[in-house]
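File shown here: final_22.tsv, holding TSV, C-alpha atoms and all ligand atoms.
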chain	number	residue	atom	x	y	z
W	1	MET	CA	-26.70	33.25	-2.95
W	2	LYS	CA	-22.99	33.40	-2.22
W	3	THR	CA	-20.20	30.82	-2.36
W	4	ARG	CA	-17.66	30.70	0.44
W	5	ARG	CA	-15.32	28.40	2.32
W	6	ALA	CA	-17.00	26.51	5.14
W	7	ARG	CA	-16.45	27.17	8.82
W	8	PRO	CA	-16.62	24.61	11.65
W	9	GLY	CA	-19.97	26.16	12.69
W	10	ASP	CA	-21.46	25.04	9.33
W	11	ALA	CA	-20.92	21.38	10.26
W	12	PRO	CA	-24.52	20.63	11.39
W	13	ALA	CA	-26.05	22.08	8.20
W	14	ILE	CA	-23.50	20.38	5.93
W	15	HIS	CA	-23.97	17.11	7.76
W	16	ALA	CA	-27.76	17.33	7.36
W	17	LEU	CA	-27.40	17.85	3.59
W	18	ILE	CA	-25.04	14.88	3.19
W	19	GLU	CA	-27.11	12.70	5.49
W	20	HIS	CA	-30.22	13.20	3.36
W	21	TYR	CA	-28.52	11.74	0.27
W	22	ALA	CA	-26.52	9.17	2.26
W	23	ALA	CA	-29.84	7.72	3.45
W	24	GLU	CA	-30.73	7.22	-0.24
W	25	GLY	CA	-27.37	5.56	-0.90
W	26	ILE	CA	-26.30	8.38	-3.24
W	27	LEU	CA	-23.52	9.82	-1.07
W	28	LEU	CA	-21.17	8.25	1.42
W	29	PRO	CA	-22.19	9.06	4.99
W	30	ARG	CA	-19.97	11.29	7.11
W	31	THR	CA	-20.33	12.03	10.78
W	32	GLU	CA	-20.93	15.59	11.93
W	33	GLU	CA	-17.66	15.36	13.82
W	34	ASN	CA	-15.82	14.37	10.64
W	35	VAL	CA	-17.39	17.30	8.76
W	36	ARG	CA	-16.36	19.67	11.55
W	37	GLU	CA	-12.78	18.38	11.51
W	38	GLN	CA	-12.61	18.63	7.71
W	39	ALA	CA	-14.52	21.95	7.51
W	40	ARG	CA	-11.54	23.72	5.93
W	41	GLY	CA	-11.86	21.43	2.90
W	42	PHE	CA	-15.56	22.25	2.35
W	43	LEU	CA	-17.06	24.95	0.16
W	44	VAL	CA	-20.67	26.02	0.62
W	45	LEU	CA	-23.46	28.01	-0.98
W	46	GLU	CA	-25.19	30.23	1.52
W	47	GLU	CA	-28.21	32.49	1.46
W	48	LYS	CA	-29.44	34.42	4.45
W	49	GLY	CA	-27.53	32.16	6.82
W	50	LEU	CA	-28.89	28.94	5.28
W	51	ILE	CA	-26.58	26.42	3.63
W	52	ALA	CA	-28.06	25.50	0.23
W	53	GLY	CA	-25.25	23.26	-1.01
W	54	CYS	CA	-21.84	21.90	-0.19
W	55	VAL	CA	-18.84	20.19	-1.71
W	56	SER	CA	-15.54	19.03	-0.29
W	57	LEU	CA	-12.17	19.11	-1.98
W	58	GLU	CA	-9.89	16.48	-0.54
W	59	LYS	CA	-6.22	16.51	-1.45
W	60	TYR	CA	-4.19	13.50	-2.52
W	61	GLY	CA	-0.56	14.59	-2.37
W	62	THR	CA	0.39	17.81	-4.12
W	63	GLU	CA	-1.21	17.54	-7.55
W	64	LEU	CA	-4.49	15.67	-7.17
W	65	ALA	CA	-7.74	16.30	-5.29
W	66	GLU	CA	-11.12	14.59	-5.06
W	67	ILE	CA	-14.50	16.26	-5.15
W	68	ARG	CA	-16.62	14.57	-2.46
W	69	SER	CA	-19.89	15.13	-0.68
W	70	LEU	CA	-21.39	17.31	-3.43
W	71	ALA	CA	-24.97	18.06	-2.43
W	72	VAL	CA	-27.63	20.66	-3.17
W	73	ASN	CA	-30.75	21.06	-1.05
W	74	THR	CA	-33.50	18.98	-2.70
W	75	GLU	CA	-35.81	21.99	-3.06
W	76	LEU	CA	-33.14	23.97	-4.88
W	77	ARG	CA	-31.96	21.37	-7.37
W	78	GLY	CA	-31.99	22.11	-11.08
W	79	ARG	CA	-31.18	25.80	-10.70
W	80	GLY	CA	-27.49	25.71	-11.54
W	81	LEU	CA	-26.27	25.51	-7.93
W	82	GLY	CA	-24.50	22.16	-8.32
W	83	ALA	CA	-22.70	23.49	-11.39
W	84	ARG	CA	-21.73	26.59	-9.42
W	85	LEU	CA	-20.29	24.52	-6.58
W	86	VAL	CA	-18.23	22.39	-8.96
W	87	GLN	CA	-16.86	25.45	-10.76
W	88	TYR	CA	-16.00	27.01	-7.40
W	89	ALA	CA	-14.20	23.80	-6.38
W	90	LEU	CA	-12.20	23.86	-9.64
W	91	THR	CA	-11.28	27.51	-9.08
W	92	GLU	CA	-10.23	26.71	-5.53
W	93	ALA	CA	-8.12	23.78	-6.81
W	94	ARG	CA	-6.42	26.04	-9.35
W	95	ARG	CA	-5.70	28.55	-6.61
W	96	ARG	CA	-4.06	25.78	-4.58
W	97	ARG	CA	-1.98	24.70	-7.62
W	98	ILE	CA	-3.70	21.31	-7.81
W	99	ALA	CA	-3.30	19.97	-11.35
W	100	ARG	CA	-6.16	17.41	-11.53
W	101	VAL	CA	-9.49	17.02	-9.79
W	102	PHE	CA	-11.52	13.82	-9.86
W	103	ALA	CA	-14.79	12.46	-8.55
W	104	VAL	CA	-16.17	8.94	-8.28
W	105	THR	CA	-19.86	9.35	-8.84
W	106	HIS	CA	-23.34	8.06	-9.62
W	107	ALA	CA	-23.87	11.13	-11.82
W	108	PRO	CA	-21.03	11.15	-14.41
W	109	GLU	CA	-23.17	13.06	-16.94
W	110	PHE	CA	-23.44	15.96	-14.53
W	111	PHE	CA	-19.65	16.15	-14.24
W	112	VAL	CA	-19.10	15.78	-17.99
W	113	ARG	CA	-21.31	18.86	-18.43
W	114	GLN	CA	-18.90	20.62	-16.08
W	115	GLY	CA	-15.88	19.82	-18.25
W	116	PHE	CA	-14.81	16.48	-16.71
W	117	ASP	CA	-13.91	13.39	-18.75
W	118	THR	CA	-14.83	9.87	-17.71
W	119	ALA	CA	-11.81	7.71	-16.90
W	120	PRO	CA	-11.10	4.11	-15.98
W	121	ARG	CA	-10.82	3.66	-12.22
W	122	ARG	CA	-7.26	2.35	-12.67
W	123	ALA	CA	-6.27	5.91	-13.69
W	124	LEU	CA	-6.70	6.73	-9.98
W	125	PRO	CA	-4.45	4.32	-8.07
W	126	GLU	CA	-4.36	6.77	-5.14
W	127	LYS	CA	-8.15	6.52	-4.75
W	128	ILE	CA	-8.14	2.73	-5.09
W	129	ALA	CA	-5.48	2.43	-2.41
W	130	ARG	CA	-7.28	4.79	-0.03
W	131	ASP	CA	-10.93	3.75	-0.35
W	132	CYS	CA	-11.65	0.98	-2.86
W	133	SER	CA	-9.20	-1.75	-1.82
W	134	GLY	CA	-10.89	-2.48	1.49
W	135	CYS	CA	-14.44	-1.76	0.32
W	136	PRO	CA	-16.83	-4.74	0.53
W	137	LYS	CA	-18.80	-3.35	-2.46
W	138	ALA	CA	-15.72	-3.00	-4.69
W	139	ARG	CA	-16.59	-5.91	-7.01
W	140	ARG	CA	-20.12	-4.72	-7.76
W	141	CYS	CA	-19.41	-0.99	-7.59
W	142	ARG	CA	-21.17	1.01	-10.33
W	143	LEU	CA	-19.61	4.37	-9.56
W	144	VAL	CA	-17.86	6.08	-12.46
W	145	ALA	CA	-14.59	8.01	-12.23
W	146	VAL	CA	-14.42	11.46	-13.84
W	147	ILE	CA	-11.38	13.73	-14.06
W	148	ALA	CA	-10.83	17.39	-14.92
W	149	MET	CA	-7.46	18.88	-15.78
W	150	VAL	CA	-7.24	22.07	-13.77
W	151	ILE	CA	-3.71	23.06	-14.74
W	152	PRO	CA	-3.13	21.13	-18.00
W	153	GLU	CA	0.48	22.20	-18.47
W	154	ARG	CA	1.33	20.90	-14.99
W	155	ALA	CA	-0.56	17.64	-15.36
W	156	ALA	CA	1.48	16.88	-18.48
W	157	LEU	CA	4.80	17.29	-16.66
W	158	PRO	CA	6.40	14.63	-14.47
W	159	ILE	CA	5.12	15.10	-10.94
W	160	LEU	CA	7.67	16.59	-8.56
W	161	THR	CA	7.08	15.67	-4.96
W	162	ASP	CA	7.59	18.15	-2.15
W	163	ALA	CA	10.76	16.30	-1.21
W	164	VAL	CA	12.24	16.86	-4.65
W	165	THR	CA	11.14	20.46	-5.06
W	166	SER	CA	12.35	21.47	-1.61
W	167	SER	CA	15.80	19.86	-1.88
W	168	PRO	CA	18.71	22.23	-2.47
W	169	ALA	CA	19.63	22.89	-6.08
W	170	ALA	CA	22.39	20.58	-7.31
W	201	LIG	C1	-25.97	16.30	-8.56
W	201	LIG	C2	-26.37	17.65	-7.94
W	201	LIG	C3	-25.22	18.19	-7.08
W	201	LIG	C4	-26.62	18.62	-9.11
W	201	LIG	O1	-26.97	19.88	-8.57
W	201	LIG	P1	-28.09	20.76	-9.27
W	201	LIG	O2	-28.02	22.11	-8.65
W	201	LIG	O3	-29.37	20.03	-9.21
W	201	LIG	O4	-27.55	20.76	-10.78
W	201	LIG	P2	-27.49	21.99	-11.77
W	201	LIG	O5	-28.80	22.71	-11.76
W	201	LIG	O6	-26.28	22.78	-11.51
W	201	LIG	O7	-27.33	21.18	-13.15
W	201	LIG	C5	-26.28	21.42	-14.05
W	201	LIG	C6	-26.52	20.51	-15.25
W	201	LIG	O8	-26.34	19.13	-14.86
W	201	LIG	C7	-27.52	18.38	-15.13
W	201	LIG	N1	-27.71	17.44	-14.04
W	201	LIG	C8	-28.08	17.75	-12.77
W	201	LIG	N2	-28.11	16.64	-12.02
W	201	LIG	C9	-27.76	15.61	-12.80
W	201	LIG	C10	-27.61	14.20	-12.59
W	201	LIG	N3	-27.84	13.61	-11.40
W	201	LIG	N4	-27.23	13.44	-13.66
W	201	LIG	C11	-27.00	14.00	-14.85
W	201	LIG	N5	-27.12	15.33	-15.13
W	201	LIG	C12	-27.50	16.12	-14.11
W	201	LIG	C13	-28.64	19.39	-15.23
W	201	LIG	O9	-29.67	18.92	-16.07
W	201	LIG	C14	-27.92	20.60	-15.82
W	201	LIG	O10	-27.81	20.49	-17.21
W	201	LIG	P3	-27.88	21.82	-18.15
W	201	LIG	O11	-26.66	22.62	-17.80
W	201	LIG	O12	-27.86	21.27	-19.53
W	201	LIG	O13	-29.16	22.50	-17.77
W	201	LIG	C15	-27.67	17.58	-7.10
W	201	LIG	O14	-28.69	17.08	-7.90
W	201	LIG	C16	-27.54	16.71	-5.86
W	201	LIG	O15	-27.29	17.22	-4.77
W	201	LIG	N6	-27.73	15.39	-6.04
W	201	LIG	C17	-27.64	14.44	-4.93
W	201	LIG	C18	-26.21	14.17	-4.53
W	201	LIG	C19	-25.36	13.76	-5.74
W	201	LIG	O16	-25.79	13.03	-6.63
W	201	LIG	N7	-24.11	14.28	-5.75
W	201	LIG	C20	-23.20	14.07	-6.88
W	201	LIG	C21	-22.60	12.76	-6.84
W	201	LIG	S1	-21.00	12.84	-6.09
Go ahead and render the structure in this file as structure tokens.
Amino acid sequence: MKTRRARPGDAPAIHALIEHYAAEGILLPRTEENVREQARGFLVLEEKGLIAGCVSLEKYGTELAEIRSLAVNTELRGRGLGARLVQYALTEARRRRIARVFAVTHAPEFFVRQGFDTAPRRALPEKIARDCSGCPKARRCRLVAVIAMVIPERAALPILTDAVTSSPAA
């Protein structure tokens, strides 16, 4: 079983995985077209051409990213593959110099085992603004936010935006 970045051609298999759990209300549905367009943000587990699991890493600005659409084939659950995908996503985030990674999930215990801490939703104003504000289920939402510090020394510093970092030195 190998981990790799997804390709647009993986979209049908990734979509099928997500769709299975979306039908159970565990994951948010995504269209195959959306998966294809966002394929560069997906990481997958593959064996002999079959996609066994997937996760997407979606950036919020320069220092924050969200883990979304984490799914392992039902027949392969409980074998460490979900943990492997999350660790791969954290490695990928570190490589991209992303300081913090979060998820909003039905399975916070799983993420805590992977080194995440639970956090109040208000710690993620970017997420609230993007997805929660207009959500009809917002008031009765039971999802839990979890956050991992990927580059702790950077997360502790004031956040410099691209505009600031790219301006000429004074
Ligand atoms: C959640 C999911 C990705 C975990 O993948 P997996 O391959 O079954 O998990 P792993 O075998 O890597 O488990 C790692 C650890 O987390 C625990 N764990 C797994 N699923 C869990 C869950 N839903 N809740 C709490 N703990 C869980 C395991 O017991 C294991 O503990 P251990 O290290 O002490 O043995 C997988 O079950 C799945 O696809 N679920 C449906 C979609 C979903 O819930 N996605 C996450 C929400 S965003």
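Closest approach to Tyr88 of chain W among W:Gly53, W:Ala23, W:Ile128, W:Pro136 is made by W:Gly53 (distances from only C-alpha atoms).
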Close residues, Met149 of chain W itself excluded, 12 Å, all atoms listed in the file, min 4 positions apart in chain, as number ranges by chain: W: 63-65, 90-91, 93-94, 97-102, 114-118, 153-156
I'd like the contact shell of segment 25-29 of chain W - 12 Å cut-off, all atoms listed in the file, skipping same-chain residues fewer than 6 positions apart - returned as a PyMOL selection string. chain W and resi 14-19+35+55+67-72+103-107+131+142-143
Neighbourhood query: residues within 9 Å of (-6.8, 8.8, -0.9), file coordinates, counting only C-alpha atoms; return as a ChimeraX atom specification. /W:58-61,65-66,125-131
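Atom to atom, atom P3 of ligand LIG 201 (chain W) and atom CA of Thr74 of chain W stand 16.7 Å apart.
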Between atom CA of Pro152 of chain W and atom CA of Thr62 of chain W, what is the distance, to one decimal in Å? 14.7 Å
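Ranking W:Arg30, W:Arg5, W:Arg77, W:Arg36 by their shortest atom-to-atom distance to ligand LIG 201 (chain W), with all atoms listed in the file included, puts W:Arg77 first.
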Env of Arg40 of chain W: 12 Å cut, atoms = all atoms listed in the file, seq-sep filter 3 positions within chain, self excluded. Answer as a compact mmCIF listing (two decimals) with C-alpha atoms, in the frame of the given file.
# COMPACT_ATOMS: atom_id res chain seq x y z
CA ARG W 4 -17.66 30.70 0.44
CA ARG W 5 -15.32 28.40 2.32
CA ALA W 6 -17.00 26.51 5.14
CA ARG W 7 -16.45 27.17 8.82
CA PRO W 8 -16.62 24.61 11.65
CA GLY W 9 -19.97 26.16 12.69
CA ASP W 10 -21.46 25.04 9.33
CA ALA W 11 -20.92 21.38 10.26
CA ASN W 34 -15.82 14.37 10.64
CA VAL W 35 -17.39 17.30 8.76
CA ARG W 36 -16.36 19.67 11.55
CA GLU W 37 -12.78 18.38 11.51
CA LEU W 43 -17.06 24.95 0.16
CA VAL W 44 -20.67 26.02 0.62
CA VAL W 55 -18.84 20.19 -1.71
CA SER W 56 -15.54 19.03 -0.29
CA LEU W 57 -12.17 19.11 -1.98
CA GLU W 58 -9.89 16.48 -0.54
CA LYS W 59 -6.22 16.51 -1.45
CA GLU W 92 -10.23 26.71 -5.53
If you count all atoms listed in the file, the residue of W:Ile147, W:Phe111, W:Leu124, W:Arg79 closest to ligand LIG 201 (chain W) turns out to be W:Arg79
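Reported to one decimal place, the separation of atom CA of Glu46 of chain W from atom CA of Lys2 of chain W is 5.4 Å.
Residue nearest ligand LIG 201 (chain W) within the list W:Ala22, W:Arg122, W:Ala89, W:Arg140: W:Ala22 [criterion: smallest interatomic distance, all atoms listed in the file].
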Would you fill the gaps in segment 131-142 of chain W so it has all heavy atoms, then print it as a compact mmCIF listing (two decimals), in the frame of the given file?
# COMPACT_ATOMS: atom_id res chain seq x y z
N ASP W 131 -9.52 4.08 -0.67
CA ASP W 131 -10.93 3.75 -0.35
C ASP W 131 -11.44 2.44 -0.94
O ASP W 131 -12.26 1.77 -0.32
CB ASP W 131 -11.86 4.86 -0.86
CG ASP W 131 -11.70 6.13 -0.05
OD1 ASP W 131 -11.33 6.03 1.13
OD2 ASP W 131 -11.95 7.21 -0.60
N CYS W 132 -11.01 2.10 -2.16
CA CYS W 132 -11.65 0.98 -2.86
C CYS W 132 -11.12 -0.38 -2.40
O CYS W 132 -11.89 -1.34 -2.33
CB CYS W 132 -11.47 1.12 -4.37
SG CYS W 132 -12.06 2.69 -5.02
N SER W 133 -9.82 -0.45 -2.11
CA SER W 133 -9.20 -1.75 -1.82
C SER W 133 -9.93 -2.51 -0.72
O SER W 133 -10.22 -3.68 -0.85
CB SER W 133 -7.74 -1.58 -1.45
OG SER W 133 -7.07 -1.04 -2.54
N GLY W 134 -10.25 -1.79 0.37
CA GLY W 134 -10.89 -2.48 1.49
C GLY W 134 -12.40 -2.46 1.44
O GLY W 134 -13.06 -2.89 2.39
N CYS W 135 -12.99 -1.95 0.34
CA CYS W 135 -14.44 -1.76 0.32
C CYS W 135 -15.16 -3.07 -0.02
O CYS W 135 -14.87 -3.69 -1.05
CB CYS W 135 -14.81 -0.68 -0.71
SG CYS W 135 -16.59 -0.47 -0.88
N PRO W 136 -16.13 -3.48 0.80
CA PRO W 136 -16.83 -4.74 0.53
C PRO W 136 -17.65 -4.69 -0.76
O PRO W 136 -17.98 -5.73 -1.32
CB PRO W 136 -17.74 -4.91 1.76
CG PRO W 136 -17.84 -3.56 2.39
CD PRO W 136 -16.58 -2.83 2.03
N LYS W 137 -17.99 -3.45 -1.24
CA LYS W 137 -18.80 -3.35 -2.46
C LYS W 137 -17.95 -3.22 -3.72
O LYS W 137 -18.50 -3.03 -4.81
CB LYS W 137 -19.70 -2.12 -2.37
CG LYS W 137 -20.75 -2.19 -1.28
CD LYS W 137 -21.60 -0.94 -1.34
CE LYS W 137 -22.55 -0.84 -0.17
NZ LYS W 137 -23.09 0.51 -0.03
N ALA W 138 -16.63 -3.31 -3.57
CA ALA W 138 -15.72 -3.00 -4.69
C ALA W 138 -16.06 -3.79 -5.96
O ALA W 138 -16.09 -3.24 -7.05
CB ALA W 138 -14.28 -3.23 -4.28
N ARG W 139 -16.40 -5.07 -5.82
CA ARG W 139 -16.59 -5.91 -7.01
C ARG W 139 -17.86 -5.57 -7.77
O ARG W 139 -17.95 -5.78 -8.97
CB ARG W 139 -16.61 -7.39 -6.61
CG ARG W 139 -15.25 -7.89 -6.15
CD ARG W 139 -15.33 -9.33 -5.73
NE ARG W 139 -15.46 -10.24 -6.85
CZ ARG W 139 -14.43 -10.78 -7.49
NH1 ARG W 139 -13.21 -10.51 -7.09
NH2 ARG W 139 -14.60 -11.59 -8.50
N ARG W 140 -18.86 -5.04 -7.05
CA ARG W 140 -20.12 -4.72 -7.76
C ARG W 140 -20.36 -3.21 -7.81
O ARG W 140 -21.47 -2.75 -8.06
CB ARG W 140 -21.30 -5.45 -7.13
CG ARG W 140 -21.46 -5.20 -5.66
CD ARG W 140 -22.32 -6.27 -4.98
NE ARG W 140 -21.98 -6.38 -3.58
CZ ARG W 140 -22.52 -5.66 -2.63
NH1 ARG W 140 -23.42 -4.75 -2.91
NH2 ARG W 140 -22.16 -5.82 -1.37
N CYS W 141 -19.29 -2.45 -7.62
CA CYS W 141 -19.41 -0.99 -7.59
C CYS W 141 -19.75 -0.44 -8.98
O CYS W 141 -19.13 -0.80 -9.97
CB CYS W 141 -18.10 -0.38 -7.11
SG CYS W 141 -18.11 1.41 -7.12
N ARG W 142 -20.77 0.44 -9.04
CA ARG W 142 -21.17 1.01 -10.33
C ARG W 142 -20.78 2.48 -10.46
O ARG W 142 -21.21 3.16 -11.38
CB ARG W 142 -22.69 0.90 -10.49
CG ARG W 142 -23.10 -0.51 -10.74
CD ARG W 142 -24.60 -0.68 -10.70
NE ARG W 142 -24.91 -2.07 -10.95
CZ ARG W 142 -25.42 -2.51 -12.10
NH1 ARG W 142 -25.70 -1.68 -13.06
NH2 ARG W 142 -25.67 -3.79 -12.27
